[in-house]
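Report on the following structure.
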Amino acid sequence: MSTMHTEILVIGGGPAGLSAALTLSRARRDVVVLDSGEPRNAPAQRAHGLLGLEGIRPLDLLARGREEVTSYGGRIIHDRVAHAQADDGAFQVEAESGRRIQAGTLLIATGTRDILPDLPGLAERWGRDVIHCPYCHGWEIRDQRIGVLATGPMSAMQALMFGQWSPQVQFYPQGLDYPADQLAKLTATGITIADRRVTGLAVQGDALTGVVLDDTRVNPLDALVVPATTRARLDGLDGLGLQIEESEAATTLVADAAGHTSVPGVWAAGNVVNPAMQISEAAANGARVAMTLNTELIFQHAENKTQESVS
Ligand SMILES: Cc1cc2nc3c(=O)[nH]c(=O)nc-3n(C[C@H](O)[C@H](O)[C@H](O)COP(=O)(O)OP(=O)(O)OC[C@H]3O[C@@H](n4cnc5c(N)ncnc54)[C@H](O)[C@@H]3O)c2cc1C
């Protein structure tokens, strides 16, 4: 297979990557987006909190974005990175299909992966009635019976958050220790604290009906909140030698506020650098990083031309 050449390769075509590609295409850059088509919120029926697009289906949003990018000449390839490396002033990327792309600049917008607790049946319900984000799903489960499953140090505060959306919130500490003042805030605001562990989910048809406790009783619920930990999606990108940051809650790709990673010529935007970004923030971040990238390329070009003219 012959090698495709492009000025800028955007890896990841979610809100951050497509927004960056739109900005770059409109700046008359030659842009290719390589995307495996599995955005983080794909399991959710609707995307919320998006001004002007409230309630749009996640995949419809991206289909619109792809059309917008291609309308300005951007190229979109459905494939997954298998290997990437810097080579002689450019980047060589090989996709799973065997396709090869050579690019002068890379922009990584591959998002993040939610790591869920290992409870049978939980992953299948993710994004529907097992959720994590009050701003994405809180309105849809307002006033319902909500359980919050502890997964780490921030879980008690997550329970407190959901108290804004429903007066029926129950917190399951799962044997983890929480500071007494945090637990006092829960009980003072009407959130109950369970004394049994959750060992499974109760499901009828295709709906969560409760959680199974370690004494086999079922506690009825309409939704279960699971504050997931996250890992930056960097499959196939190890060869670039990018700096990664690890904490208890997340693994992220290190980039400065402008989007520069630790490797010159490689930029990053969206959830891969900050898993807390909502869709609108990831898109805005992609656009902003693209503008800075474009500006740096303009200055670099002018600098090169100046050097050429004086030599
Ligand atoms: C269940 C759920 C519901 C959510 N609901 C909302 C909501 O209602 N409103 C809201 O604002 N936010 C919501 N979010 C958050 C939202 O998903 C993120 O803000 C958004 O997806 C971040 O965009 P991104 O472009 O950084 O990453 P993503 O959207 O995850 O896009 C990354 C893209 O990169 C591709 N990719 C990854 N690795 C590779 C590779 N190696 N090669 C090629 N392509 C690759 C992926 O396939 C994907 O298409 C939700 C999150 C979850 C988990």
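For the structure tokens, the naming scheme is as follows: chains receive sequential letters (A, B, ...) according to their order of presentation, residues are indexed from 1 within each chain, and ligands are indexed from 1 in presentation order.
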Selection as a PyMOL selection string: residues within 6 Å of ligand 1 by only C-alpha atoms and all ligand atoms | chain A and resi 11-17+34-41+43-44+47-49+79-81+109-112+127+136+233-236+270-272+277-280+282
Selected residues written out, C-alpha atoms, as a compact mmCIF listing (two decimals), in the first residue's frame:
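The resulting file, selection01.txt, is shown below:
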```
# COMPACT_ATOMS: atom_id res chain seq x y z
CA ILE A 11 -5.61 11.11 15.36
CA GLY A 12 -9.11 10.75 16.81
CA GLY A 13 -12.30 12.14 15.30
CA GLY A 14 -14.42 12.94 18.36
CA PRO A 15 -15.49 16.49 19.27
CA ALA A 16 -11.89 17.60 19.96
CA GLY A 17 -10.32 16.09 16.84
CA LEU A 34 -7.71 9.07 11.34
CA ASP A 35 -10.51 7.80 13.54
CA SER A 36 -11.62 4.41 14.85
CA GLY A 37 -15.20 5.63 15.47
CA GLU A 38 -15.65 4.78 19.18
CA PRO A 39 -16.19 8.07 21.01
CA ARG A 40 -16.35 7.91 24.80
CA ASN A 41 -20.05 8.74 25.02
CA PRO A 43 -23.18 4.19 24.81
CA ALA A 44 -25.33 7.23 25.74
CA ALA A 47 -25.71 14.23 24.45
CA HIS A 48 -26.80 16.97 26.84
CA GLY A 49 -25.62 20.42 27.87
CA ASP A 79 -9.04 3.18 10.80
CA ARG A 80 -7.05 2.72 14.00
CA VAL A 81 -3.42 3.57 14.68
CA ALA A 109 -7.36 13.70 20.19
CA THR A 110 -7.97 10.05 21.03
CA GLY A 111 -10.02 10.66 24.17
CA THR A 112 -10.03 8.57 27.30
CA GLY A 127 -24.12 5.30 29.81
CA CYS A 136 -24.78 14.52 31.34
CA ARG A 233 -6.33 6.21 24.92
CA LEU A 234 -2.85 5.92 23.47
CA ASP A 235 -3.00 2.53 21.73
CA GLY A 236 -0.38 2.36 18.98
CA GLY A 270 -9.68 16.95 24.50
CA ASN A 271 -10.19 14.14 26.98
CA VAL A 272 -6.80 12.58 26.25
CA MET A 277 -13.84 18.08 29.64
CA GLN A 278 -17.43 17.92 28.45
CA ILE A 279 -18.21 17.84 24.71
CA SER A 280 -18.39 21.62 24.36
CA ALA A 282 -13.35 19.29 24.19
```
With a distance cut-off of 12 Å and only C-alpha atoms, select the neighbouring residues of A:Thr292, excluding the residue or stretch itself and same-chain residues fewer than 6 positions from it, and output the selection as a ChimeraX atom specification.
-> /A:20,23-24,27,107,256-260,267-269,285-286,298-299
Output as a list in words all residues of stretch 67-125 of chain A that backbone DSSP marks as alpha helix (DSSP H).
-> Glu67, Glu68, Val69, Thr70, Ser71, Leu122, Ala123, Glu124 and Arg125 of chain A
Excluding same-chain residues fewer than 3 positions from A:Gly73, what lies within 8 Å of it counting only C-alpha atoms, as a ChimeraX atom specification?
-> /A:25,30-31,69-70
Name all residues at most 9 Å from A:Pro153 (count only C-alpha atoms; drop same-chain ones fewer than 2 positions away) and give them as an MDAnalysis selection string.
-> chainID A and resid 150:151 155:157 176:178 249
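For the atom pair formed by atom CA of A:Ser262 and atom CA of A:Val10, the distance is 16.9 Å, given to one decimal.
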May I have the residues within 9 Å of A:Ile146 as a ChimeraX atom specification, using only C-alpha atoms and disregarding those fewer than 6 positions away in the same chain?
-> /A:162,166-171,221-225
For A:Ala90: contacts at 9 Å, only C-alpha atoms, fewer than 2 positions along chain excluded, given as a compact mmCIF listing (two decimals) with N, CA and C atoms, in the first residue's frame:
```txt
# COMPACT_ATOMS: atom_id res chain seq x y z
N GLN A 85 5.70 6.71 14.80
CA GLN A 85 7.05 7.10 15.25
C GLN A 85 7.52 8.33 14.49
N ALA A 86 8.45 9.04 15.12
CA ALA A 86 9.08 10.17 14.44
C ALA A 86 10.20 9.62 13.59
N ASP A 87 10.34 10.18 12.37
CA ASP A 87 11.35 9.65 11.48
C ASP A 87 11.81 10.76 10.53
N ASP A 88 13.05 11.22 10.70
CA ASP A 88 13.65 12.16 9.77
C ASP A 88 12.80 13.43 9.57
N GLN A 92 5.66 9.02 10.96
CA GLN A 92 5.15 7.89 10.16
C GLN A 92 4.12 7.16 11.00
N GLN A 102 2.19 9.67 6.25
CA GLN A 102 3.31 10.48 6.70
C GLN A 102 2.81 11.91 6.92
N ALA A 103 3.11 12.48 8.08
CA ALA A 103 2.62 13.82 8.41
C ALA A 103 3.73 14.67 9.00
N GLY A 104 3.65 15.98 8.72
CA GLY A 104 4.63 16.90 9.31
C GLY A 104 4.31 17.18 10.77
N THR A 105 3.02 17.15 11.10
CA THR A 105 2.57 17.47 12.46
C THR A 105 1.49 16.47 12.86
N GLY A 265 6.26 18.96 17.66
CA GLY A 265 5.49 18.57 16.47
C GLY A 265 4.29 17.70 16.78
```
Could you give me, as a list in words, each residue of stretch 88-148 of chain A that DSSP assigns to strand (DSSP E) when run on this structure's backbone?
-> Ala90, Phe91, Gln92, Val93, Glu94, Ala95, Arg100, Ile101, Gln102, Ala103, Gly104, Thr105, Leu106, Leu107, Ile108, Thr112, Arg113, Asp114, Ile115, Val130, Ile131, Ile146, Gly147 and Val148 of chain A
Here atom CA of A:Arg26 and atom CA of A:Gln300 stand apart by 19.2 Å
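Around A:Glu94, within 8 Å and counting only C-alpha atoms, the residues found are A:Val81, A:Ala82, A:His83, A:Ala84, A:Arg99, A:Arg100, A:Ile101, once anything fewer than 5 positions away on its own chain is removed.
Comparing the minimum interatomic distances between A:Ile141 and each of A:Gly163, A:Gly190, A:Gly52, A:Gly175, counting only C-alpha atoms, we find that A:Gly163 sits nearest.
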Which is closer to A:Val148 than all the others in A:Gly74, A:Gly98, A:Pro227, A:Gly241, using only C-alpha atoms?
-> A:Pro227
